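Working notes, beginning with the structure itself.
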There are 2 protein chains.
Amino acid sequence: MKNITDKLIEKIDAIGNPTVAGLDTRIEFLPERLRKLATDGESAAQAITEYNCILIDALKGLVPAVKIQSAYYEMYAHYGIKAMYTTAAYAMSNGLIVMADVKRNDIGSTAEAYAAAYLGKTGYDYITVNPYLGSDGIKPFTDACASNGKGIFVLARNSNPSAAELQDLDVGGEKLYMRVGRLIAEWGNTLIGEHGYSAVGAVVGATHPDEARRLRELLPTVFFLVPGYGAQGGKGRDAAAAFDARGGGAIVNNSRGIIAAHLSERYKGMTPAAAAAAAATDMREDLAAALKR
Amino acid sequence: MKNITDKLIEKIDAIGNPTVAGLDTRIEFLPERLRKLATDGESAAQAITEYNCILIDALKGLVPAVKIQSAYYEMYAHYGIKAMYTTAAYAMSNGLIVMADVKRNDIGSTAEAYAAAYLGKTGYDYITVNPYLGSDGIKPFTDACASNGKGIFVLARNSNPSAAELQDLDVGGEKLYMRVGRLIAEWGNTLIGEHGYSAVGAVVGATHPDEARRLRELLPTVFFLVPGYGAQGGKGRDAAAAFDARGGGAIVNNSRGIIAAHLSERYKGMTPAAAAAAAATDMREDLAAALKR
C-alpha cells in the first residue's frame with residue numbers, strides 16, 4: 001500500500017521539483033494592499049490567509065508541497081490557528097501536500113492529543129516532531145500515521161549554528177544526531193512505502209552537507225526534509241548531499257526565498273505571485289543542476 | 001529586581017503548597033452537565049473553559065499556579081486556542097501564576113514569533129521549551145523573559161520511561177540531561193532573582209529522584225518544574241529530591257490527580273470542585289511530610 005511519502009515522491013517526480021515552499025508568512029512580506037488591511041490580530045490573520053492563497057495559486061504545479069510554520073500563526077492566537085487550517089485546506093484542495101512545521105513533543109495521552117490535532121483524517125499530511133523525549137514521544141504520532149495515512153519528520157540535525165551544542169555530542173562512538181537518525185529509521189520501519197521510503201522522515205539541515213551525506217548513507221529508508229536553503233545560507237550543492245543516488249529521498253524547504261521573493265533584488269518589480277513562481281522555478285533549476293553532478 | 005520566579009516562590013510560600021495544578025482538561029473529566037454541552041469542537045472548547053473556571057475558583061488560595069497543557073486545547077483548533085487564552089486570563093485575574101506547557105522549539109525569527117505568541121506582555125507567565133536546537137533556540141525566549149518579566153522551563157530530564165533513550169546517553173563523562181542542565185543554568189545566569197533562582201528553570205521528572213537529586217546539587221540557581229507526580233507514579237518522597245535544603249526550588253505538577261479527582265475512588269461522591277480542592281490539600285500535606293524528612 002502507498003504511504004504518504006509515496007504520494008510526495010510521485011508529486012515531486014511529476015513536477016520535477018523537490019522543493020517545498022515554506023509559508024512562514026509575516027505581515028512585512030505582504031503587498032501593501034494586504035498589509036494595510038492588517039490593523040489587529042484578526043485582520044492580520046485574514047490578510048495572511050489571503051496572501052497564502054495567492055501564493056498557493058501561483059505555486060501549484062511548480063512545487064509539490066507547502067510547509068506551514070506554526071509559530072507565525074500562533075502569534076495571532078486563535079485567529080492565527082484558523083488562518084493556518086484555512087491555508088492548509090486551500091493548499092490540499094489545490095493538490096499540494098501540506099506539512100505543518102509544529103515541532104511538537106510530548107508523551108502518552110498528551111502526544112495522542114497532538115496527533116489528534118494534526119494527524120487526524122482531515123488534518124495535515126505531515127508534521128514535524130522533536131525526538132528529545134524518546135520512543136514514548138514518537139509512538140502516538142507513528143500510530144496516527146499508520147491509522148490515517150499521514151507522516152512525520154523527526155528533527156535529526158538542524159540547520160542552525162548552535163544545533164551542534166547537543167546534536168554533535170559524542171554518545172559513544174557516534175554523534176547524537178546519528179543515534180537519533182538510527183532511532184528514526186527504527187520508528188518508521190513498519191511504515192515503509194512502495195518507493196522504499198517510510199512515512200517517518202527526518203529533518204536534516206542543508207547547512208551541514210557532510211552530516212547530511214552520512215545520514216543519507218546510514219538511513220536508506222528515511223526521507224529527508226531539508227531546511228536551511230536560501231536565507232540560512234544553504235545552496236543547491238549543499239542540499240544535494242541529502243539526496244540518494246537517483247536524486248530522490250529528500251525535499252528542500254525554502255520560505256523567505258519564495259514567499260518574499262518580490263522583496264529581493266533578483267525579482268524586484270515583479271508581483272509577489274510572479275516572483276514566488278520565478279523563485280520556485282529557479283530553485284528547481286538550481287537543485288536539478290546540483291543533482292546532476 | 002524581582003523576576004517571575006521570585007513571584008512564584010513568594011506565592012508558594014504564602015500558600016505553603018509547591019503544587020501546580022495541571023489543566024490537562026479533557027471532555028471525559030467533565031461533570032455530565034458540561035459533558036452533554038460538548039457536541040462539536042466549539043462547544044467542547046466552551047465546556048472545557050467553563051470547567052477550568054470552576055477548577056480555578058476551587059483551587060485559588062490552595063495552589064500558587066496552574067499549568068495549561070496546550071495539546072488538549074490544540075485538539076480543538078482555533079476554538080481550543082481561544083479556550084486556552086480565556087483560561088489563562090481567568091487564572092491570572094484570580095492571582096494564579098500561569099504556565100503554558102507548549103514545549104516549543106525553533107530558531108531565529110521563528111522562535112521570536114513563538115516568544116511573541118506566549119511571552120508577550122499579556123501572555124502567559126511561563127512556557128516550557130525543548131532544548132534540542134541549542135542556544136539559538138533558547139535566546140529568543142530568554143530575551144522575551146528579560147523584556148517582559150516572564151520565565152521558561154527547559155526540558156532537562158523528562159518523567160516518561162523512554163526519556164532515557166537520549167537523555168541518559170553518556171556525552172563524555174556525564175549524561176546528556178546533566179549537560180542540558182548545565183546549559184540551562186548558563187542560559188539563565190543573567191536572569192537570577194532576589195531569591196537566588198533564575199527565570200530560566202528546568203523540567204525534571206519526579207519519577208527519577210536520583211537524577212533530580214544530582215541536578216539539584218549541580219544547579220543551585222535553577223528552579224525545577226516537576227512532572228510525573230500522581231498518575232505517572234511519582235510520590236511526594238520522589239518529588240522531594242528536586243527541592244533544595246530549605247524545601248524550596250521546585251514546584252510539582254499534578255494534573256489528573258487534581259482536575260479528575262472526583263473520578264477516583266478516594267474522592268468519590270464529591271463534586272469536581274470539592275474533589276480538586278481536597279486533592280490539592282492532600283498533595284500539600286504529602287509534599288510537606290516528604291520535605292520534613
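Chain labels follow the order of the C-alpha cells: the first chain is A, the next B, and so on; residue numbering restarts at 1 in every chain, and ligands are counted from 1 in their shown order.
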Original post:
Within 12 Å of Asn160 in chain A, counting only C-alpha atoms, which residues qualify if same-chain residues fewer than 6 places away don't, as a list in words?
Top reply: Leu166, Gln167, Val204, Gly205, Ala206, Thr207, His208, Pro227, Gly228, Tyr229, Ala231, Gln232, Gly233 and Gly234 of chain A; Asp106, Ile107, Gly108, Ser109, Thr110, Ala111, Tyr132, Leu133, Gly134, Ser135, Asp136 and Gly137 of chain B
Same residues, N, CA and C atoms, output as a PDB file, in the first residue's frame:
```pdb
ATOM      1  N   LEU A 166      24.138  20.217  21.220  1.00  0.00           N
ATOM      2  CA  LEU A 166      23.691  18.904  21.698  1.00  0.00           C
ATOM      3  C   LEU A 166      23.816  17.847  20.609  1.00  0.00           C
ATOM      4  N   GLN A 167      23.430  18.206  19.388  1.00  0.00           N
ATOM      5  CA  GLN A 167      23.285  17.200  18.336  1.00  0.00           C
ATOM      6  C   GLN A 167      24.620  16.601  17.889  1.00  0.00           C
ATOM      7  N   VAL A 204      16.885  17.279   8.232  1.00  0.00           N
ATOM      8  CA  VAL A 204      18.347  17.290   8.104  1.00  0.00           C
ATOM      9  C   VAL A 204      18.742  18.584   7.385  1.00  0.00           C
ATOM     10  N   GLY A 205      19.394  19.492   8.085  1.00  0.00           N
ATOM     11  CA  GLY A 205      19.686  20.824   7.558  1.00  0.00           C
ATOM     12  C   GLY A 205      20.612  20.846   6.367  1.00  0.00           C
ATOM     13  N   ALA A 206      20.320  21.752   5.414  1.00  0.00           N
ATOM     14  CA  ALA A 206      21.152  21.914   4.214  1.00  0.00           C
ATOM     15  C   ALA A 206      22.487  22.562   4.532  1.00  0.00           C
ATOM     16  N   THR A 207      22.582  23.169   5.714  1.00  0.00           N
ATOM     17  CA  THR A 207      23.817  23.877   6.060  1.00  0.00           C
ATOM     18  C   THR A 207      24.907  22.932   6.541  1.00  0.00           C
ATOM     19  N   HIS A 208      24.625  21.629   6.580  1.00  0.00           N
ATOM     20  CA  HIS A 208      25.613  20.648   7.056  1.00  0.00           C
ATOM     21  C   HIS A 208      25.721  19.493   6.072  1.00  0.00           C
ATOM     22  N   PRO A 227      15.774  21.814   5.669  1.00  0.00           N
ATOM     23  CA  PRO A 227      15.670  23.267   5.827  1.00  0.00           C
ATOM     24  C   PRO A 227      17.033  23.912   5.646  1.00  0.00           C
ATOM     25  N   GLY A 228      17.062  25.241   5.565  1.00  0.00           N
ATOM     26  CA  GLY A 228      18.326  25.973   5.582  1.00  0.00           C
ATOM     27  C   GLY A 228      18.773  26.461   4.219  1.00  0.00           C
ATOM     28  N   TYR A 229      18.017  26.088   3.161  1.00  0.00           N
ATOM     29  CA  TYR A 229      18.347  26.567   1.813  1.00  0.00           C
ATOM     30  C   TYR A 229      17.976  28.048   1.725  1.00  0.00           C
ATOM     31  N   ALA A 231      17.864  31.676   2.602  1.00  0.00           N
ATOM     32  CA  ALA A 231      18.135  32.697   3.631  1.00  0.00           C
ATOM     33  C   ALA A 231      19.161  32.236   4.663  1.00  0.00           C
ATOM     34  N   GLN A 232      19.146  30.949   5.017  1.00  0.00           N
ATOM     35  CA  GLN A 232      20.091  30.453   6.017  1.00  0.00           C
ATOM     36  C   GLN A 232      21.461  30.094   5.425  1.00  0.00           C
ATOM     37  N   GLY A 233      21.616  30.255   4.113  1.00  0.00           N
ATOM     38  CA  GLY A 233      22.944  30.104   3.520  1.00  0.00           C
ATOM     39  C   GLY A 233      23.176  28.822   2.730  1.00  0.00           C
ATOM     40  N   GLY A 234      22.244  27.862   2.812  1.00  0.00           N
ATOM     41  CA  GLY A 234      22.421  26.613   2.079  1.00  0.00           C
ATOM     42  C   GLY A 234      22.202  26.817   0.579  1.00  0.00           C
TER      43      GLY A 234
ATOM     44  N   ASP B 106      12.279  26.244  18.284  1.00  0.00           N
ATOM     45  CA  ASP B 106      12.630  26.652  16.934  1.00  0.00           C
ATOM     46  C   ASP B 106      13.726  27.685  17.041  1.00  0.00           C
ATOM     47  N   ILE B 107      14.126  28.278  15.924  1.00  0.00           N
ATOM     48  CA  ILE B 107      15.306  29.151  15.926  1.00  0.00           C
ATOM     49  C   ILE B 107      14.979  30.507  15.331  1.00  0.00           C
ATOM     50  N   GLY B 108      15.843  31.470  15.610  1.00  0.00           N
ATOM     51  CA  GLY B 108      15.803  32.768  14.953  1.00  0.00           C
ATOM     52  C   GLY B 108      14.441  33.429  15.012  1.00  0.00           C
ATOM     53  N   SER B 109      14.013  33.928  13.851  1.00  0.00           N
ATOM     54  CA  SER B 109      12.769  34.697  13.825  1.00  0.00           C
ATOM     55  C   SER B 109      11.559  33.823  14.132  1.00  0.00           C
ATOM     56  N   THR B 110      11.672  32.515  13.909  1.00  0.00           N
ATOM     57  CA  THR B 110      10.565  31.617  14.231  1.00  0.00           C
ATOM     58  C   THR B 110      10.406  31.495  15.748  1.00  0.00           C
ATOM     59  N   ALA B 111      11.527  31.331  16.443  1.00  0.00           N
ATOM     60  CA  ALA B 111      11.468  31.290  17.906  1.00  0.00           C
ATOM     61  C   ALA B 111      10.992  32.633  18.460  1.00  0.00           C
ATOM     62  N   TYR B 132      16.538  20.857  22.218  1.00  0.00           N
ATOM     63  CA  TYR B 132      17.288  20.070  21.220  1.00  0.00           C
ATOM     64  C   TYR B 132      18.020  20.928  20.183  1.00  0.00           C
ATOM     65  N   LEU B 133      17.575  22.161  19.944  1.00  0.00           N
ATOM     66  CA  LEU B 133      18.204  23.010  18.924  1.00  0.00           C
ATOM     67  C   LEU B 133      19.346  23.864  19.468  1.00  0.00           C
ATOM     68  N   GLY B 134      19.621  23.763  20.780  1.00  0.00           N
ATOM     69  CA  GLY B 134      20.742  24.517  21.348  1.00  0.00           C
ATOM     70  C   GLY B 134      20.416  25.982  21.606  1.00  0.00           C
ATOM     71  N   SER B 135      21.459  26.768  21.890  1.00  0.00           N
ATOM     72  CA  SER B 135      21.312  28.164  22.339  1.00  0.00           C
ATOM     73  C   SER B 135      20.474  29.045  21.418  1.00  0.00           C
ATOM     74  N   ASP B 136      20.648  28.894  20.089  1.00  0.00           N
ATOM     75  CA  ASP B 136      19.849  29.722  19.152  1.00  0.00           C
ATOM     76  C   ASP B 136      18.364  29.517  19.386  1.00  0.00           C
ATOM     77  N   GLY B 137      18.009  28.333  19.873  1.00  0.00           N
ATOM     78  CA  GLY B 137      16.604  28.004  20.102  1.00  0.00           C
ATOM     79  C   GLY B 137      16.108  28.510  21.442  1.00  0.00           C
TER      80      GLY B 137
END
```
Which residues are near Ala185 in chain A? Cut-off 9 Å, only C-alpha atoms, ignore same chain within fewer than 4 positions. Put them as a compact mmCIF listing (two decimals) with C-alpha atoms, in the first residue's frame.
```txt
# COMPACT_ATOMS: atom_id res chain seq x y z
CA VAL A 180 18.67 9.94 16.60
CA GLY A 181 18.83 9.12 12.89
CA ASN A 189 10.40 0.55 9.89
CA SER A 198 8.99 5.40 5.29
CA VAL A 200 8.62 8.61 9.25
CA GLY A 201 11.19 11.00 7.81
CA ALA A 202 13.95 13.17 9.27
CA LEU A 219 19.35 5.67 6.55
CA PRO A 220 18.24 4.39 3.13
CA THR A 221 14.56 4.21 4.13
CA VAL A 222 14.30 7.66 5.71
```
Kindly provide the residues of chain B that approach chain A to within 8 Å, each paired with its closest atom pair and their distance in Å to one decimal, based on only C-alpha atoms, listed by chain and increasing number, as JSON lines.
```
{"residue": "B:Gln69", "atom": "CA", "partner": "A:Thr110", "partner_atom": "CA", "distance": 7.9}
{"residue": "B:Ala71", "atom": "CA", "partner": "A:Tyr114", "partner_atom": "CA", "distance": 5.2}
{"residue": "B:Tyr72", "atom": "CA", "partner": "A:Ala113", "partner_atom": "CA", "distance": 5.8}
{"residue": "B:Glu74", "atom": "CA", "partner": "A:Ala117", "partner_atom": "CA", "distance": 5.9}
{"residue": "B:Met75", "atom": "CA", "partner": "A:Ala117", "partner_atom": "CA", "distance": 4.1}
{"residue": "B:Tyr76", "atom": "CA", "partner": "A:Ala117", "partner_atom": "CA", "distance": 7.0}
{"residue": "B:Ala77", "atom": "CA", "partner": "A:Ile81", "partner_atom": "CA", "distance": 6.5}
{"residue": "B:His78", "atom": "CA", "partner": "A:His78", "partner_atom": "CA", "distance": 4.4}
{"residue": "B:Tyr79", "atom": "CA", "partner": "A:His78", "partner_atom": "CA", "distance": 6.8}
{"residue": "B:Gly80", "atom": "CA", "partner": "A:His78", "partner_atom": "CA", "distance": 7.8}
{"residue": "B:Ile81", "atom": "CA", "partner": "A:His78", "partner_atom": "CA", "distance": 5.2}
{"residue": "B:Lys82", "atom": "CA", "partner": "A:His78", "partner_atom": "CA", "distance": 5.4}
{"residue": "B:Lys103", "atom": "CA", "partner": "A:Asn105", "partner_atom": "CA", "distance": 6.7}
{"residue": "B:Arg104", "atom": "CA", "partner": "A:Arg104", "partner_atom": "CA", "distance": 7.0}
{"residue": "B:Asn105", "atom": "CA", "partner": "A:Lys103", "partner_atom": "CA", "distance": 6.7}
{"residue": "B:Asp106", "atom": "CA", "partner": "A:Lys103", "partner_atom": "CA", "distance": 7.8}
{"residue": "B:Ile107", "atom": "CA", "partner": "A:Asn160", "partner_atom": "CA", "distance": 7.1}
{"residue": "B:Thr110", "atom": "CA", "partner": "A:Ala71", "partner_atom": "CA", "distance": 6.0}
{"residue": "B:Ala111", "atom": "CA", "partner": "A:Ala71", "partner_atom": "CA", "distance": 7.3}
{"residue": "B:Ala113", "atom": "CA", "partner": "A:Ala71", "partner_atom": "CA", "distance": 5.5}
{"residue": "B:Tyr114", "atom": "CA", "partner": "A:Ala71", "partner_atom": "CA", "distance": 5.2}
{"residue": "B:Ala116", "atom": "CA", "partner": "A:Met75", "partner_atom": "CA", "distance": 6.2}
{"residue": "B:Ala117", "atom": "CA", "partner": "A:Met75", "partner_atom": "CA", "distance": 4.1}
{"residue": "B:Tyr118", "atom": "CA", "partner": "A:Met75", "partner_atom": "CA", "distance": 7.8}
{"residue": "B:Asn130", "atom": "CA", "partner": "A:Tyr132", "partner_atom": "CA", "distance": 7.6}
{"residue": "B:Tyr132", "atom": "CA", "partner": "A:Leu166", "partner_atom": "CA", "distance": 6.5}
{"residue": "B:Leu133", "atom": "CA", "partner": "A:Ala163", "partner_atom": "CA", "distance": 4.6}
{"residue": "B:Gly134", "atom": "CA", "partner": "A:Ala163", "partner_atom": "CA", "distance": 5.0}
{"residue": "B:Ser135", "atom": "CA", "partner": "A:Ser162", "partner_atom": "CA", "distance": 5.7}
{"residue": "B:Asp136", "atom": "CA", "partner": "A:Ser162", "partner_atom": "CA", "distance": 5.8}
{"residue": "B:Asn158", "atom": "CA", "partner": "A:Leu133", "partner_atom": "CA", "distance": 6.8}
{"residue": "B:Asn160", "atom": "CA", "partner": "A:Ile107", "partner_atom": "CA", "distance": 7.1}
{"residue": "B:Pro161", "atom": "CA", "partner": "A:Asp136", "partner_atom": "CA", "distance": 7.5}
{"residue": "B:Ser162", "atom": "CA", "partner": "A:Gly134", "partner_atom": "CA", "distance": 5.1}
{"residue": "B:Ala163", "atom": "CA", "partner": "A:Leu133", "partner_atom": "CA", "distance": 4.6}
{"residue": "B:Ala164", "atom": "CA", "partner": "A:Gly134", "partner_atom": "CA", "distance": 7.2}
{"residue": "B:Glu165", "atom": "CA", "partner": "A:Gly134", "partner_atom": "CA", "distance": 5.6}
{"residue": "B:Leu166", "atom": "CA", "partner": "A:Gly134", "partner_atom": "CA", "distance": 6.3}
{"residue": "B:Gln167", "atom": "CA", "partner": "A:Tyr132", "partner_atom": "CA", "distance": 7.2}
{"residue": "B:Leu169", "atom": "CA", "partner": "A:Val171", "partner_atom": "CA", "distance": 6.0}
{"residue": "B:Asp170", "atom": "CA", "partner": "A:Val171", "partner_atom": "CA", "distance": 5.6}
{"residue": "B:Val171", "atom": "CA", "partner": "A:Val171", "partner_atom": "CA", "distance": 5.0}
{"residue": "B:Gly172", "atom": "CA", "partner": "A:Asp170", "partner_atom": "CA", "distance": 7.0}
{"residue": "B:Val180", "atom": "CA", "partner": "A:Leu166", "partner_atom": "CA", "distance": 8.0}
```
Export of the given selection (C-alpha atoms) as a PDB file, in the first residue's frame:
```
ATOM      1  CA  GLN B  69      -1.253  21.624  28.626  1.00  0.00           C
ATOM      2  CA  ALA B  71      -2.160  19.715  23.366  1.00  0.00           C
ATOM      3  CA  TYR B  72      -5.633  19.321  24.900  1.00  0.00           C
ATOM      4  CA  GLU B  74      -4.897  22.418  20.116  1.00  0.00           C
ATOM      5  CA  MET B  75      -7.120  19.343  19.595  1.00  0.00           C
ATOM      6  CA  TYR B  76      -9.970  21.804  19.111  1.00  0.00           C
ATOM      7  CA  ALA B  77      -8.047  24.027  16.656  1.00  0.00           C
ATOM      8  CA  HIS B  78      -8.876  27.745  16.954  1.00  0.00           C
ATOM      9  CA  TYR B  79     -11.723  27.082  19.384  1.00  0.00           C
ATOM     10  CA  GLY B  80      -9.259  25.365  21.698  1.00  0.00           C
ATOM     11  CA  ILE B  81      -6.690  28.148  21.491  1.00  0.00           C
ATOM     12  CA  LYS B  82      -9.366  30.638  22.469  1.00  0.00           C
ATOM     13  CA  LYS B 103       7.353  22.579  24.721  1.00  0.00           C
ATOM     14  CA  ARG B 104       8.045  24.893  21.767  1.00  0.00           C
ATOM     15  CA  ASN B 105      11.360  24.805  19.962  1.00  0.00           C
ATOM     16  CA  ASP B 106      12.630  26.652  16.934  1.00  0.00           C
ATOM     17  CA  ILE B 107      15.306  29.151  15.926  1.00  0.00           C
ATOM     18  CA  THR B 110      10.565  31.617  14.231  1.00  0.00           C
ATOM     19  CA  ALA B 111      11.468  31.290  17.906  1.00  0.00           C
ATOM     20  CA  ALA B 113       7.383  34.508  16.834  1.00  0.00           C
ATOM     21  CA  TYR B 114       6.755  31.819  19.476  1.00  0.00           C
ATOM     22  CA  ALA B 116       5.774  36.890  20.915  1.00  0.00           C
ATOM     23  CA  ALA B 117       2.855  34.431  20.991  1.00  0.00           C
ATOM     24  CA  TYR B 118       3.426  33.180  24.536  1.00  0.00           C
ATOM     25  CA  ASN B 130      12.616  21.939  24.328  1.00  0.00           C
ATOM     26  CA  TYR B 132      17.288  20.070  21.220  1.00  0.00           C
ATOM     27  CA  LEU B 133      18.204  23.010  18.924  1.00  0.00           C
ATOM     28  CA  GLY B 134      20.742  24.517  21.348  1.00  0.00           C
ATOM     29  CA  SER B 135      21.312  28.164  22.339  1.00  0.00           C
ATOM     30  CA  ASP B 136      19.849  29.722  19.152  1.00  0.00           C
ATOM     31  CA  ASN B 158      11.535  14.016  31.476  1.00  0.00           C
ATOM     32  CA  ASN B 160       8.476   9.119  30.885  1.00  0.00           C
ATOM     33  CA  PRO B 161      10.313   5.769  30.694  1.00  0.00           C
ATOM     34  CA  SER B 162      11.832   6.265  27.230  1.00  0.00           C
ATOM     35  CA  ALA B 163      13.191   9.721  28.048  1.00  0.00           C
ATOM     36  CA  ALA B 164      16.338   7.797  28.970  1.00  0.00           C
ATOM     37  CA  GLU B 165      16.924   6.749  25.338  1.00  0.00           C
ATOM     38  CA  LEU B 166      18.522  10.103  24.563  1.00  0.00           C
ATOM     39  CA  GLN B 167      18.650  11.959  27.873  1.00  0.00           C
ATOM     40  CA  LEU B 169      23.284   8.856  26.925  1.00  0.00           C
ATOM     41  CA  ASP B 170      26.842   9.416  28.107  1.00  0.00           C
ATOM     42  CA  VAL B 171      28.232  12.521  26.396  1.00  0.00           C
ATOM     43  CA  GLY B 172      31.798  12.374  27.644  1.00  0.00           C
ATOM     44  CA  VAL B 180      21.484  20.141  29.237  1.00  0.00           C
TER      45      VAL B 180
END
```
Subject >> Contact residues around Gly257 in chain A with only C-alpha atoms at 10 Å, ignoring same-chain residues under 6 positions, as a PyMOL selection string >> reply: chain A and resi 21-22+229-232+263-264+275-276+279-280+283
Store the residues picked out above, limited to C-alpha atoms, as an mmCIF file, in the first residue's frame.
```cif
data_model
loop_
_atom_site.group_PDB
_atom_site.id
_atom_site.type_symbol
_atom_site.label_atom_id
_atom_site.label_comp_id
_atom_site.auth_asym_id
_atom_site.auth_seq_id
_atom_site.Cartn_x
_atom_site.Cartn_y
_atom_site.Cartn_z
ATOM 1 C CA ALA A 21 7.532 26.276 -0.248
ATOM 2 C CA GLY A 22 7.602 27.383 3.373
ATOM 3 C CA TYR A 229 18.347 26.567 1.813
ATOM 4 C CA GLY A 230 18.451 30.216 0.767
ATOM 5 C CA ALA A 231 18.135 32.697 3.631
ATOM 6 C CA GLN A 232 20.091 30.453 6.017
ATOM 7 C CA LEU A 263 11.349 41.960 -1.854
ATOM 8 C CA SER A 264 14.739 40.708 -3.108
ATOM 9 C CA ALA A 275 8.259 36.453 -8.015
ATOM 10 C CA ALA A 276 7.289 33.354 -5.974
ATOM 11 C CA ALA A 279 11.907 31.723 -7.392
ATOM 12 C CA ALA A 280 10.366 28.227 -7.261
ATOM 13 C CA MET A 283 15.215 26.676 -7.286
#
```
Original post:
Could you pull the residues within 12 Å of Tyr90 in chain A, counting only C-alpha atoms, minus those fewer than 3 positions along the same chain, as a list in words?
Top reply: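 Near neighbours after the sequence-gap exclusion: Thr49, Glu50, Tyr51, Asn52, Cys53, Ile54, Leu55, Ile56, Asp57, Lys60, Val66, Ala83, Met84, Tyr85, Thr86, Thr87, Ser93, Asn94, Gly95, Leu96, Ile97, Val98 and Tyr124 of chain A.
The residue set within 8 Å of range 5-20 of chain B, counting only C-alpha atoms and dropping same-chain residues fewer than 5 places from it, reads Gly61, Leu62, Val63, Pro64, Ala65, Val66, Lys67, Ile97, Gly151, Gly193, Glu194, His195, Tyr197, Ser198, Ala199, Phe223, Gly248, Gly249, Ala250, Ile251, Val252, Asn253, Asn254, Ala280, Met283, Arg284, Leu287 and Ala288 of chain B.
The space between CA of Ala144 in chain B and CA of Ile184 in chain B spans 15.8 Å.
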**OP:** Using backbone DSSP assignments, extract all alpha helix (DSSP H) residues from range 89-267 of chain B; output them as a PyMOL selection string.
**Re:** chain B and resi 89-93+108-118+139-148+164-167+176-187+209-218+236-239+256-259
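DSSP on the backbone gives strand (DSSP E) for these parts of range 32-208 of chain A: Ala65, Val66, Lys67, Ile68, Gln69, Ile97, Val98, Met99, Ala100, Asp101, Val102, Lys103, Arg104, Tyr126, Ile127, Thr128, Val129, Gly151, Ile152, Phe153, Val154, Leu155, Ala156, Arg157, Val200, Gly201, Ala202, Val203 and Val204 of chain A.
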**OP:** Find the residue from B:Arg213, B:Lys36, B:Lys139, B:Lys235 that sits nearest to Asp286 in chain B; use only C-alpha atoms when measuring.
**Re:** B:Lys235
**OP:** Just the residues within 9 Å of Ala146 in chain A, please, counting only C-alpha atoms, with nothing from its chain fewer than 3 positions along; format it as an MDAnalysis selection string.
**Re:** chainID A and resid 3 141:143 149:151 190:191 199
Original post:
By how many Å are CA of Cys145 in chain A and CA of Ile4 in chain A apart?
Top reply: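 These two atoms are separated by 8.7 Å.
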